[in-house]
file upload-v6.cif (mmCIF, C-alpha atoms)
data_input
loop_
_atom_site.label_atom_id
_atom_site.label_comp_id
_atom_site.auth_asym_id
_atom_site.auth_seq_id
_atom_site.Cartn_x
_atom_site.Cartn_y
_atom_site.Cartn_z
CA MET A 22 0.63 -10.53 24.26
CA ARG A 23 -2.59 -12.44 23.70
CA ASP A 24 -3.56 -10.24 20.76
CA PRO A 25 -1.47 -11.08 17.64
CA MET A 26 -2.37 -7.73 16.08
CA SER A 27 -0.24 -5.98 18.72
CA TRP A 28 2.96 -7.89 17.94
CA ALA A 29 4.80 -4.95 16.40
CA ILE A 30 8.40 -3.78 16.84
CA PRO A 31 9.23 -0.04 16.96
CA VAL A 32 11.89 0.56 14.28
CA PHE A 33 12.50 4.31 14.17
CA ARG A 34 10.80 7.69 14.54
CA ALA A 35 10.80 10.31 11.79
CA PHE A 36 8.95 13.65 11.57
CA GLY A 37 7.30 12.88 14.91
CA ILE A 38 5.86 9.61 13.54
CA GLN A 39 6.66 6.25 15.14
CA VAL A 40 7.27 3.54 12.52
CA LYS A 41 6.56 -0.01 13.63
CA VAL A 42 6.95 -3.32 11.81
CA HIS A 43 4.67 -6.23 12.62
CA ILE A 44 6.26 -9.59 13.41
CA PHE A 45 4.18 -11.25 10.69
CA PHE A 46 5.71 -8.92 8.08
CA PHE A 47 9.06 -10.65 8.61
CA VAL A 48 7.37 -14.06 8.60
CA ILE A 49 5.64 -13.44 5.26
CA THR A 50 8.58 -11.74 3.50
CA ILE A 51 11.04 -14.40 4.63
CA GLY A 52 8.60 -17.08 3.46
CA LEU A 53 8.22 -15.45 0.03
CA PHE A 54 11.98 -15.04 -0.22
CA LEU A 55 12.64 -18.70 0.58
CA ARG A 56 9.88 -19.89 -1.75
CA VAL A 57 11.61 -18.23 -4.70
CA VAL A 58 15.20 -18.98 -3.72
CA LEU A 59 14.66 -22.65 -2.87
CA ASP A 60 12.86 -23.39 -6.14
CA LYS A 61 15.25 -25.69 -8.02
CA HIS A 62 14.08 -24.27 -11.36
CA ASN A 63 14.64 -20.68 -10.29
CA PRO A 64 17.54 -18.92 -12.07
CA ILE A 65 17.33 -15.69 -10.04
CA TRP A 66 20.20 -14.73 -7.74
CA TRP A 67 19.12 -14.67 -4.10
CA VAL A 68 20.46 -11.10 -3.63
CA ASP A 69 18.13 -9.82 -6.37
CA VAL A 70 15.20 -11.61 -4.76
CA PHE A 71 15.99 -10.14 -1.33
CA LEU A 72 16.45 -6.59 -2.59
CA PHE A 73 13.21 -6.67 -4.57
CA THR A 74 10.84 -8.58 -2.27
CA VAL A 75 12.09 -7.10 1.02
CA VAL A 76 14.05 -3.85 0.65
CA VAL A 77 12.32 -2.20 -2.31
CA LEU A 78 8.86 -3.38 -1.25
CA PHE A 79 9.36 -2.11 2.31
CA GLY A 80 10.64 1.26 1.09
CA ILE A 81 7.76 1.91 -1.31
CA ILE A 82 5.10 0.89 1.23
CA LEU A 83 6.72 3.10 3.87
CA LEU A 84 6.81 6.13 1.55
CA HIS A 85 3.16 5.45 0.64
CA GLU A 86 2.15 5.54 4.30
CA PHE A 87 4.17 8.70 4.94
CA GLY A 88 2.12 10.22 2.14
CA HIS A 89 -1.07 9.55 4.14
CA ALA A 90 0.54 10.95 7.30
CA PHE A 91 1.67 14.19 5.66
CA GLY A 92 -1.70 14.44 3.92
CA ALA A 93 -3.40 14.33 7.32
CA ARG A 94 -1.20 17.14 8.60
CA TYR A 95 -1.88 19.18 5.46
CA VAL A 96 -5.64 19.19 6.08
CA GLY A 97 -5.26 20.15 9.75
CA GLY A 98 -5.15 16.65 11.25
CA ASP A 99 -2.21 14.64 12.50
CA SER A 100 -0.53 11.23 12.42
CA LYS A 101 1.63 9.68 15.13
CA GLU A 102 2.14 6.06 14.02
CA ILE A 103 2.73 3.93 10.94
CA LEU A 104 2.50 0.14 11.00
CA ILE A 105 4.06 -2.04 8.29
CA TRP A 106 2.39 -5.43 8.33
CA PRO A 107 2.05 -8.46 5.99
CA LEU A 108 -0.77 -7.00 3.88
CA GLY A 109 0.77 -3.57 3.35
CA GLY A 110 0.83 -0.57 5.65
CA LEU A 111 -1.45 1.29 8.04
CA ALA A 112 -1.08 4.99 8.80
CA PHE A 113 -3.02 5.92 11.94
CA VAL A 114 -4.31 9.41 11.20
CA GLU A 115 -6.64 11.95 12.79
CA VAL A 116 -8.57 13.80 10.09
CA PRO A 117 -11.23 16.55 10.25
CA HIS A 118 -14.70 15.10 9.74
CA ASN A 119 -15.44 16.35 6.24
CA TRP A 120 -15.33 14.73 2.82
CA ARG A 121 -12.60 16.95 1.36
CA ALA A 122 -10.09 16.23 4.13
CA ASN A 123 -10.74 12.48 3.99
CA PHE A 124 -10.42 12.47 0.19
CA LEU A 125 -7.09 14.32 0.24
CA VAL A 126 -5.63 12.05 2.93
CA ALA A 127 -6.70 8.91 1.02
CA ALA A 128 -5.30 10.30 -2.25
CA ALA A 129 -1.96 11.31 -0.70
CA GLY A 130 -0.71 7.71 -0.53
CA PRO A 131 -1.27 6.90 -4.22
CA GLY A 132 0.10 10.37 -4.98
CA VAL A 133 3.45 9.25 -3.54
CA ASN A 134 3.38 6.19 -5.83
CA VAL A 135 2.82 8.52 -8.77
CA LEU A 136 5.87 10.56 -7.77
CA ILE A 137 7.98 7.40 -7.48
CA CYS A 138 6.85 6.26 -10.94
CA VAL A 139 7.59 9.69 -12.44
CA ALA A 140 11.06 9.78 -10.88
CA ALA A 141 11.89 6.24 -12.06
CA ALA A 142 10.51 6.95 -15.56
CA ALA A 143 12.57 10.15 -15.76
CA GLY A 144 15.72 8.23 -14.85
CA LEU A 145 14.97 5.61 -17.51
CA GLY A 146 14.14 8.33 -20.05
CA ALA A 147 17.56 9.90 -19.49
CA GLY A 148 19.05 6.60 -20.63
CA LYS A 149 16.72 6.39 -23.68
CA PHE A 150 14.54 3.69 -22.07
CA LEU A 151 10.78 3.48 -21.55
CA PRO A 152 9.37 1.79 -18.41
CA ASN A 153 7.29 -1.36 -18.76
CA LEU A 154 3.63 -0.47 -18.08
CA ASN A 155 2.39 -4.07 -18.17
CA PRO A 156 1.51 -4.99 -14.55
CA LEU A 157 1.54 -8.69 -15.49
CA SER A 158 5.11 -8.65 -16.80
CA ASP A 159 7.95 -10.32 -14.93
CA PRO A 160 9.88 -7.67 -12.95
CA PHE A 161 12.96 -9.88 -12.78
CA VAL A 162 13.12 -10.27 -16.56
CA SER A 163 12.42 -6.51 -16.71
CA ARG A 164 11.73 -5.92 -20.39
CA ILE A 165 12.25 -2.26 -21.35
CA HIS A 166 12.12 -0.57 -24.75
CA ASN A 167 14.91 1.67 -25.99
CA PHE A 168 13.35 4.44 -28.09
CA GLU A 169 16.72 5.42 -29.61
CA ASN A 170 17.59 2.16 -31.35
CA GLY A 171 14.16 0.47 -31.24
CA ARG A 172 15.37 -2.60 -29.36
CA GLU A 173 13.78 -4.31 -26.39
CA TYR A 174 16.28 -4.91 -23.61
CA THR A 175 16.08 -7.35 -20.69
CA SER A 176 17.95 -8.18 -17.54
CA GLU A 177 20.29 -11.17 -17.36
CA TYR A 178 17.20 -13.32 -16.69
CA GLY A 179 15.76 -12.59 -20.14
CA LEU A 180 16.99 -13.16 -23.69
CA LYS A 181 16.54 -10.79 -26.65
CA LEU A 182 18.82 -11.25 -29.69
CA TYR A 183 19.23 -8.86 -32.63
CA LYS A 184 21.30 -8.71 -35.78
CA ALA A 185 24.43 -6.73 -35.11
CA GLY A 186 23.89 -2.98 -35.44
CA THR A 187 20.16 -3.29 -36.23
CA ALA A 188 16.81 -3.49 -34.46
CA GLU A 189 15.86 -6.67 -36.34
CA PRO A 190 15.17 -9.43 -33.81
CA VAL A 191 16.79 -12.82 -34.28
CA PRO A 192 14.93 -15.92 -33.06
CA SER A 193 16.94 -17.85 -30.53
CA PRO A 194 18.58 -20.91 -32.06
CA GLN A 195 16.07 -23.66 -31.50
CA ASP A 196 18.54 -26.35 -30.62
CA MET A 197 20.30 -24.14 -28.02
CA LEU A 198 17.00 -23.01 -26.53
CA GLU A 199 15.58 -26.52 -26.32
CA ARG A 200 18.78 -27.74 -24.74
CA LEU A 201 18.67 -25.03 -22.10
CA MET A 202 15.02 -25.70 -21.32
CA LYS A 203 15.62 -29.43 -21.10
CA ASP A 204 18.70 -29.12 -18.89
CA THR A 205 17.39 -26.45 -16.52
CA GLY A 206 13.59 -26.78 -16.67
CA TRP A 207 13.27 -23.02 -17.10
CA SER A 208 10.33 -21.47 -18.93
CA ARG A 209 10.79 -19.38 -22.09
CA GLU A 210 9.95 -16.23 -20.11
CA ARG A 211 12.94 -16.71 -17.82
CA VAL A 212 15.58 -18.15 -20.10
CA ALA A 213 18.96 -17.08 -18.76
CA PHE A 214 22.32 -18.58 -19.64
CA PRO A 215 24.18 -20.36 -16.83
CA ARG A 216 27.47 -18.74 -15.89
CA ASP A 217 29.55 -21.62 -17.29
CA PHE A 218 27.76 -21.30 -20.65
CA ASN A 219 28.39 -17.55 -21.18
CA ALA A 220 31.67 -17.98 -23.00
CA SER A 221 30.27 -20.31 -25.66
CA VAL A 222 27.27 -17.99 -26.09
CA ALA A 223 29.59 -15.02 -26.71
CA GLU A 224 31.48 -17.04 -29.29
CA ARG A 225 28.25 -18.06 -31.05
CA GLU A 226 27.05 -14.45 -31.11
CA ALA A 227 30.34 -13.19 -32.55
CA LEU A 228 30.39 -15.84 -35.28
CA ALA A 229 26.72 -15.37 -36.19
CA GLY A 230 26.76 -11.55 -36.07
CA VAL A 231 24.16 -11.56 -33.30
CA GLU A 232 23.98 -9.16 -30.37
CA ARG A 233 22.18 -9.68 -27.10
CA ALA A 234 20.14 -6.69 -25.84
CA LEU A 235 21.20 -6.71 -22.22
CA ALA A 236 20.00 -3.74 -20.15
CA PRO A 237 22.42 -2.05 -17.74
CA GLY A 238 21.89 -2.80 -14.06
CA TRP A 239 20.75 0.72 -13.12
CA ALA A 240 18.03 0.62 -15.81
CA VAL A 241 16.87 -2.82 -14.65
CA TRP A 242 16.45 -1.66 -11.05
CA LEU A 243 14.77 1.60 -12.01
CA ASN A 244 12.28 -0.41 -14.05
CA ARG A 245 11.69 -2.79 -11.13
CA ILE A 246 11.06 0.15 -8.79
CA PHE A 247 8.70 1.68 -11.36
CA TRP A 248 6.89 -1.63 -11.87
CA LEU A 249 6.36 -2.28 -8.16
CA SER A 250 5.15 1.27 -7.45
CA TRP A 251 2.92 1.11 -10.56
CA VAL A 252 1.33 -2.19 -9.49
CA LEU A 253 0.72 -0.89 -5.94
CA LEU A 254 -0.80 2.30 -7.39
CA LEU A 255 -3.22 0.39 -9.64
CA PHE A 256 -4.13 -1.96 -6.81
CA ASN A 257 -4.75 0.81 -4.26
CA LEU A 258 -6.98 2.70 -6.69
CA LEU A 259 -9.49 -0.16 -6.83
CA PRO A 260 -12.84 1.31 -5.64
CA ALA A 261 -13.20 -1.01 -2.64
CA TYR A 262 -12.91 -0.36 1.08
CA PRO A 263 -10.43 -0.31 2.84
CA LEU A 264 -8.20 0.41 -0.17
CA ASP A 265 -7.41 4.03 -0.93
CA GLY A 266 -9.64 3.95 -3.98
CA GLY A 267 -12.55 2.79 -1.82
CA GLN A 268 -11.97 5.56 0.71
CA MET A 269 -11.75 8.14 -2.09
CA MET A 270 -15.01 6.82 -3.52
CA GLN A 271 -16.57 7.02 -0.03
CA SER A 272 -15.55 10.68 0.20
CA LEU A 273 -16.95 11.52 -3.23
CA VAL A 274 -20.29 9.85 -2.43
CA TRP A 275 -20.25 11.68 0.92
CA ALA A 276 -19.79 14.98 -0.90
CA ARG A 277 -22.88 14.37 -3.08
CA THR A 278 -25.10 12.73 -0.43
CA ASP A 279 -23.99 12.17 3.17
CA TYR A 280 -21.39 10.32 5.25
CA ARG A 281 -23.58 7.27 5.88
CA ARG A 282 -24.29 6.68 2.18
CA GLY A 283 -20.58 6.95 1.40
CA VAL A 284 -19.71 4.28 3.98
CA VAL A 285 -22.40 1.92 2.69
CA VAL A 286 -21.37 2.25 -0.96
CA ALA A 287 -17.65 1.79 -0.23
CA SER A 288 -18.25 -1.17 2.10
CA TYR A 289 -20.45 -3.08 -0.32
CA SER A 290 -17.97 -2.40 -3.09
CA GLY A 291 -15.33 -3.91 -0.79
CA PHE A 292 -17.51 -7.00 -0.35
CA VAL A 293 -17.73 -7.51 -4.12
CA VAL A 294 -14.01 -7.03 -4.77
CA SER A 295 -12.99 -9.24 -1.83
CA VAL A 296 -15.18 -12.08 -3.14
CA VAL A 297 -13.53 -11.73 -6.56
CA PHE A 298 -10.12 -11.83 -4.86
CA LEU A 299 -11.14 -14.98 -2.98
CA VAL A 300 -12.06 -16.73 -6.23
CA VAL A 301 -8.77 -15.69 -7.84
CA SER A 302 -6.73 -16.75 -4.80
CA ILE A 303 -8.32 -20.20 -4.79
CA ALA A 304 -7.84 -20.60 -8.55
CA ALA A 305 -4.19 -19.46 -8.34
CA ASN A 306 -3.52 -21.30 -5.04
CA GLU A 307 -2.12 -18.08 -3.56
CA ALA A 308 -2.46 -17.93 0.24
CA LEU A 309 -1.26 -14.31 0.61
CA PHE A 310 -3.85 -13.10 -1.85
CA MET A 311 -6.51 -14.99 0.09
CA GLY A 312 -5.38 -13.30 3.31
CA LEU A 313 -5.75 -9.93 1.64
CA ALA A 314 -9.25 -10.80 0.45
CA LEU A 315 -10.30 -11.91 3.94
CA PHE A 316 -8.88 -8.74 5.47
CA MET A 317 -10.83 -6.60 2.98
CA LEU A 318 -13.99 -8.56 3.75
CA TYR A 319 -13.45 -8.11 7.48
CA SER A 320 -12.62 -4.39 7.22
CA ALA A 321 -15.69 -3.64 5.12
CA SER A 322 -17.95 -5.53 7.55
CA MET A 323 -16.44 -3.73 10.56
CA LYS A 324 -16.98 -0.37 8.83
CA LEU A 325 -20.66 -1.18 8.38
CA TYR A 326 -20.83 -2.46 11.98
CA SER A 327 -19.38 0.80 13.32
CA LEU A 328 -21.98 2.69 11.30
CA GLU A 329 -24.78 0.63 12.85
CA MET A 330 -23.38 1.32 16.33
CA GLU A 331 -23.81 5.04 15.68
CA ASP A 332 -27.57 4.69 15.13
CA GLY A 333 -28.29 5.05 18.85
CA PRO A 334 -26.57 5.30 22.25
CA PHE A 335 -24.67 2.11 23.09
CA GLY A 336 -25.87 0.59 19.84
CA TYR A 337 -29.53 0.36 20.99
CA ASP A 338 -32.21 0.83 18.34
CA PHE A 339 -35.03 3.01 19.71
CA SER A 340 -37.15 2.73 16.58
CA ALA A 341 -39.44 0.21 18.32
CA GLY A 342 -40.19 2.63 21.17
CA TYR A 343 -39.86 2.03 24.89
CA THR A 344 -42.18 -1.00 24.80
CA SER A 345 -39.26 -3.18 23.80
CA LEU A 346 -37.69 -2.47 27.21
CA GLU A 347 -40.64 -4.08 28.98
CA ARG A 348 -40.06 -7.59 27.68
CA ASP A 349 -38.83 -9.09 30.93
CA ASP A 350 -40.27 -12.52 30.35
CA GLU A 351 -37.36 -13.54 28.12
CA PRO A 352 -33.88 -13.97 29.58
CA PRO A 353 -31.31 -11.65 28.08
CA PRO A 354 -29.04 -13.30 25.49
CA ARG A 355 -25.61 -14.34 26.65
CA PRO A 356 -23.05 -11.86 25.38
CA LYS A 357 -20.70 -13.22 22.76
CA LYS A 358 -17.02 -13.07 23.56
CA PRO A 359 -15.29 -10.85 20.99
CA GLY A 360 -12.55 -12.43 18.88
CA TYR A 361 -8.99 -11.29 18.29
CA PHE A 362 -9.78 -8.90 15.44
CA THR A 363 -12.74 -7.35 17.25
CA ARG A 364 -10.68 -6.75 20.39
CA TRP A 365 -7.87 -5.26 18.32
CA TRP A 366 -10.32 -2.98 16.52
CA GLN A 367 -11.92 -1.86 19.79
CA ALA A 368 -8.54 -1.30 21.46
CA ARG A 369 -7.30 0.72 18.50
CA LYS A 370 -10.44 2.84 18.53
CA ALA A 371 -10.10 3.42 22.28
CA ARG A 372 -6.46 4.47 21.88
CA LYS A 373 -7.42 6.83 19.09
CA LEU A 374 -10.16 8.43 21.20
CA ARG A 375 -7.81 8.73 24.16
CA ARG A 376 -5.11 10.40 22.06
CA ALA A 377 -7.67 12.77 20.57
CA ALA A 378 -8.94 13.72 24.06
CA GLU A 379 -5.42 14.31 25.34
CA ARG A 380 -4.53 16.39 22.34
CA ARG A 381 -7.68 18.47 22.63
CA ALA A 382 -6.96 19.13 26.31
CA GLN A 383 -3.46 20.32 25.39
CA ASP A 384 -4.83 22.48 22.58
CA GLU A 385 -7.46 23.97 24.89
CA GLU A 386 -4.80 24.86 27.46
CA ARG A 387 -2.60 26.49 24.81
CA LYS A 388 -5.58 28.37 23.38
CA GLU A 389 -6.41 29.84 26.79
CA LEU A 390 -2.80 31.01 27.22
CA LEU A 391 -2.84 32.64 23.79
CA LEU A 392 -6.16 34.37 24.49
CA GLU A 393 -4.68 35.78 27.70
CA LYS A 394 -1.69 37.00 25.72
CA ILE A 395 -3.98 38.72 23.22
CA ALA A 396 -5.93 40.35 26.03
CA LEU A 397 -2.73 41.71 27.60
CA SER A 398 -0.62 42.63 24.56
CA GLY A 399 -2.97 42.63 21.58
CA LEU A 400 -3.26 40.42 18.48
CA GLY A 401 -0.02 41.79 17.04
CA SER A 402 2.01 40.14 19.81
CA LEU A 403 1.33 36.65 18.42
CA THR A 404 4.02 34.87 16.44
CA ASP A 405 3.30 33.27 13.06
CA ASP A 406 3.27 29.83 14.70
CA GLU A 407 0.76 30.99 17.34
CA ARG A 408 -1.52 32.51 14.69
CA ARG A 409 -1.35 29.31 12.68
CA PHE A 410 -2.23 27.28 15.75
CA LEU A 411 -5.33 29.38 16.48
CA GLU A 412 -6.48 29.05 12.86
CA GLN A 413 -5.98 25.27 12.90
CA PHE A 414 -7.69 25.00 16.29
CA SER A 415 -10.71 26.88 15.00
CA SER A 416 -11.04 24.78 11.83
CA ARG A 417 -10.36 21.48 13.63
CA TYR A 418 -12.93 21.79 16.40
CA ARG A 419 -15.59 24.03 14.90
CA HIS A 420 -17.65 21.10 13.55
CA ARG A 421 -17.48 19.25 16.91
CA SER A 422 -18.96 22.04 19.01
#

call {"tool": "encode", "arguments": {"input": "upload-v6.cif", "output": "structure tokens"}}
result
Amino acid sequence: MRDPMSWAIPVFRAFGIQVKVHIFFFVITIGLFLRVVLDKHNPIWWVDVFLFTVVVLFGIILLHEFGHAFGARYVGGDSKEILIWPLGGLAFVEVPHNWRANFLVAAAGPGVNVLICVAAAAGLGAGKFLPNLNPLSDPFVSRIHNFENGREYTSEYGLKLYKAGTAEPVPSPQDMLERLMKDTGWSRERVAFPRDFNASVAEREALAGVERALAPGWAVWLNRIFWLSWVLLLFNLLPAYPLDGGQMMQSLVWARTDYRRGVVVASYSGFVVSVVFLVVSIAANEALFMGLALFMLYSASMKLYSLEMEDGPFGYDFSAGYTSLERDDEPPPRPKKPGYFTRWWQARKARKLRRAAERRAQDEERKELLLEKIALSGLGSLTDDERRFLEQFSSRYRHRS
């Protein structure tokens, strides 16, 4: 209870994977929801805000993490837990210690985002629409292009007017637009007509021969799903640890040099990107973005720290020889009490090692039983599942022997 990083609620189990949601995920999402809904200049319906910022976001992040979990199983590893927390998701995976396996597992998450984007784009294409590829566009306005009639459509929170039966845009009447902006305080990007003003707008459009390009609801939501998955894909492909792009870069450097060089390159890249994120978060006054930058900075530093701990037993550097052990005239330094994040990291690593040891013991026991079966009845007595297990056991533990 003392460690905030352990405040997670088990939600459900699927495919042998326990899905947990951190308490702070609800705190952050509810805060974002209220910030938008309680804004007096906000024209967006609270149901749309909830569905987009909570339901759709949760679903895409969860599918992304399942991609990592299934990727781990594909390469002969395993995954038993997924944690959804304020800064995204964490899939706890066990992966064979080679660059190819680590690359495939890291790429599996963004691969799921690609599939979501393709599915959403296909649905929009069936309705003659093209998804909006601009990551800086407003997903609530949701501007999408119709390649059949050449018009640009929007949700009810946007305004695009055309001459009736043509693709020729009509500028919004200046007096009506200025009146709306003055009365509501809305920006031009989010001009939407109040419900009690819709009738007079329809009458004006009919008299002036003007049509409003209003996208159907299904197309609006498909574009929002595409946009969110597209933004998360671009973000995760940034070459900075601990993002997927950083881990993929680490694996590629590992393939050309060694594991240590890959960790160093990815970690220092994470330092650079996190500093850039810090500057942007301060300039934009965005606390969540700052939290993400600090987490990236911490994760990259811990990755380098774990690499330094591997230089010698118990973290001791023997490069100075045994003479350094003879310096008894100086009192030993007082050990520093680890903080919350360090204790969480150490506890997570200990749990991972314990699970790996338990699993190996189970695998060893099953292997011995199968070898006895082969000795008694021959190799042909094994089932397909038993043969697959022996192959996976051999590939999984060969490099550790």

call {"tool": "resolve_selection", "arguments": {"input": "upload-v6.cif", "expression": "the PyMOL selection byres ((chain A and resi 31) around 7)", "output": "MDAnalysis selection string"}}
result
chainID A and resid 29:30 32:33 40:42

call {"tool": "resolve_selection", "arguments": {"input": "upload-v6.cif", "expression": "the PyMOL selection byres ((chain A and resi 71) around 12)", "output": "PDB file with C-alpha atoms, keeping the file's coordinate frame"}}
result
ATOM      1  CA  THR A  50       8.580 -11.740   3.500  1.00  0.00           C
ATOM      2  CA  ILE A  51      11.040 -14.400   4.630  1.00  0.00           C
ATOM      3  CA  GLY A  52       8.600 -17.080   3.460  1.00  0.00           C
ATOM      4  CA  LEU A  53       8.220 -15.450   0.030  1.00  0.00           C
ATOM      5  CA  PHE A  54      11.980 -15.040  -0.220  1.00  0.00           C
ATOM      6  CA  LEU A  55      12.640 -18.700   0.580  1.00  0.00           C
ATOM      7  CA  ARG A  56       9.880 -19.890  -1.750  1.00  0.00           C
ATOM      8  CA  VAL A  57      11.610 -18.230  -4.700  1.00  0.00           C
ATOM      9  CA  VAL A  58      15.200 -18.980  -3.720  1.00  0.00           C
ATOM     10  CA  ILE A  65      17.330 -15.690 -10.040  1.00  0.00           C
ATOM     11  CA  TRP A  66      20.200 -14.730  -7.740  1.00  0.00           C
ATOM     12  CA  TRP A  67      19.120 -14.670  -4.100  1.00  0.00           C
ATOM     13  CA  VAL A  68      20.460 -11.100  -3.630  1.00  0.00           C
ATOM     14  CA  ASP A  69      18.130  -9.820  -6.370  1.00  0.00           C
ATOM     15  CA  VAL A  70      15.200 -11.610  -4.760  1.00  0.00           C
ATOM     16  CA  LEU A  72      16.450  -6.590  -2.590  1.00  0.00           C
ATOM     17  CA  PHE A  73      13.210  -6.670  -4.570  1.00  0.00           C
ATOM     18  CA  THR A  74      10.840  -8.580  -2.270  1.00  0.00           C
ATOM     19  CA  VAL A  75      12.090  -7.100   1.020  1.00  0.00           C
ATOM     20  CA  VAL A  76      14.050  -3.850   0.650  1.00  0.00           C
ATOM     21  CA  VAL A  77      12.320  -2.200  -2.310  1.00  0.00           C
ATOM     22  CA  LEU A  78       8.860  -3.380  -1.250  1.00  0.00           C
ATOM     23  CA  PHE A  79       9.360  -2.110   2.310  1.00  0.00           C
ATOM     24  CA  PHE A 161      12.960  -9.880 -12.780  1.00  0.00           C
TER      25      PHE A 161
END

call {"tool": "atom_distance", "arguments": {"input": "upload-v6.cif", "atom1": "atom CA of A:Val286", "atom2": "atom CA of A:Met270"}}
result
8.2 Å

call {"tool": "closest_atom_pairs", "arguments": {"input": "upload-v6.cif", "of": "stretch 75-175 of chain A", "to": "stretch 181-190 of chain A", "cutoff": "7 Å", "atoms": "only C-alpha atoms", "output": "JSON lines"}}
result
{"residue": "A:Asn170", "atom": "CA", "partner": "A:Ala188", "partner_atom": "CA", "distance": 6.5}
{"residue": "A:Gly171", "atom": "CA", "partner": "A:Ala188", "partner_atom": "CA", "distance": 5.8}
{"residue": "A:Arg172", "atom": "CA", "partner": "A:Ala188", "partner_atom": "CA", "distance": 5.4}
{"residue": "A:Tyr174", "atom": "CA", "partner": "A:Lys181", "partner_atom": "CA", "distance": 6.6}
{"residue": "A:Thr175", "atom": "CA", "partner": "A:Lys181", "partner_atom": "CA", "distance": 6.9}

call {"tool": "write_last_selection", "arguments": {"input": "upload-v6.cif", "atoms": "C-alpha atoms", "output": "mmCIF file, in the frame of the given file"}}
result
data_model
loop_
_atom_site.group_PDB
_atom_site.id
_atom_site.type_symbol
_atom_site.label_atom_id
_atom_site.label_comp_id
_atom_site.auth_asym_id
_atom_site.auth_seq_id
_atom_site.Cartn_x
_atom_site.Cartn_y
_atom_site.Cartn_z
ATOM 1 C CA ASN A 170 17.590 2.160 -31.350
ATOM 2 C CA GLY A 171 14.160 0.470 -31.240
ATOM 3 C CA ARG A 172 15.370 -2.600 -29.360
ATOM 4 C CA TYR A 174 16.280 -4.910 -23.610
ATOM 5 C CA THR A 175 16.080 -7.350 -20.690
#

call {"tool": "resolve_selection", "arguments": {"input": "upload-v6.cif", "expression": "the PyMOL selection byres ((chain A and resi 109-121) around 6)", "output": "number ranges by chain"}}
result
A: 86, 93, 98-100, 102-108, 122-124, 272, 276

call {"tool": "write_last_selection", "arguments": {"input": "upload-v6.cif", "atoms": "C-alpha atoms", "output": "PDB file, keeping the file's coordinate frame"}}
result
ATOM      1  CA  GLU A  86       2.150   5.540   4.300  1.00  0.00           C
ATOM      2  CA  ALA A  93      -3.400  14.330   7.320  1.00  0.00           C
ATOM      3  CA  GLY A  98      -5.150  16.650  11.250  1.00  0.00           C
ATOM      4  CA  ASP A  99      -2.210  14.640  12.500  1.00  0.00           C
ATOM      5  CA  SER A 100      -0.530  11.230  12.420  1.00  0.00           C
ATOM      6  CA  GLU A 102       2.140   6.060  14.020  1.00  0.00           C
ATOM      7  CA  ILE A 103       2.730   3.930  10.940  1.00  0.00           C
ATOM      8  CA  LEU A 104       2.500   0.140  11.000  1.00  0.00           C
ATOM      9  CA  ILE A 105       4.060  -2.040   8.290  1.00  0.00           C
ATOM     10  CA  TRP A 106       2.390  -5.430   8.330  1.00  0.00           C
ATOM     11  CA  PRO A 107       2.050  -8.460   5.990  1.00  0.00           C
ATOM     12  CA  LEU A 108      -0.770  -7.000   3.880  1.00  0.00           C
ATOM     13  CA  ALA A 122     -10.090  16.230   4.130  1.00  0.00           C
ATOM     14  CA  ASN A 123     -10.740  12.480   3.990  1.00  0.00           C
ATOM     15  CA  PHE A 124     -10.420  12.470   0.190  1.00  0.00           C
ATOM     16  CA  SER A 272     -15.550  10.680   0.200  1.00  0.00           C
ATOM     17  CA  ALA A 276     -19.790  14.980  -0.900  1.00  0.00           C
TER      18      ALA A 276
END

call {"tool": "atom_distance", "arguments": {"input": "upload-v6.cif", "atom1": "atom CA of A:Ser158", "atom2": "atom CA of A:Gln268"}}
result
28.3 Å

call {"tool": "closest_residue", "arguments": {"input": "upload-v6.cif", "among": "A:Ala314, A:Gly37, A:Ala287, A:Arg387", "to": "A:Phe91", "atoms": "all atoms listed in the file"}}
result
A:Gly37

call {"tool": "atom_distance", "arguments": {"input": "upload-v6.cif", "atom1": "atom CA of A:Lys149", "atom2": "atom CA of A:Asn167"}}
result
5.6 Å

call {"tool": "residues_around", "arguments": {"input": "upload-v6.cif", "residues": "stretch 388-390 of chain A", "least_positions_apart": "6", "cutoff": "9 Å", "atoms": "only C-alpha atoms", "output": "PyMOL selection string"}}
result
chain A and resi 410-411+414

call {"tool": "write_last_selection", "arguments": {"input": "upload-v6.cif", "atoms": "C-alpha atoms", "output": "CSV table (one decimal), keeping the file's coordinate frame"}}
result
chain,number,residue,atom,x,y,z
A,410,PHE,CA,-2.2,27.3,15.8
A,411,LEU,CA,-5.3,29.4,16.5
A,414,PHE,CA,-7.7,25.0,16.3

call {"tool": "closest_residue", "arguments": {"input": "upload-v6.cif", "among": "A:Val133, A:Asn153, A:Arg409, A:Trp242", "to": "A:Gly97", "atoms": "all atoms listed in the file"}}
result
A:Arg409

call {"tool": "residues_around", "arguments": {"input": "upload-v6.cif", "residues": "A:Ser250", "least_positions_apart": "2", "cutoff": "12 Å", "atoms": "all atoms listed in the file", "output": "ChimeraX atom specification"}}
result
/A:73,77-85,130-142,152-154,156,160,243-248,252-257

call {"tool": "closest_residue", "arguments": {"input": "upload-v6.cif", "among": "A:Asn306, A:Pro260, A:Ser320, A:Ile49", "to": "A:Val274", "atoms": "only C-alpha atoms"}}
result
A:Pro260

call {"tool": "closest_residue", "arguments": {"input": "upload-v6.cif", "among": "A:Met311, A:Val285, A:Ala127, A:Val96", "to": "A:Leu328", "atoms": "all atoms listed in the file"}}
result
A:Val285
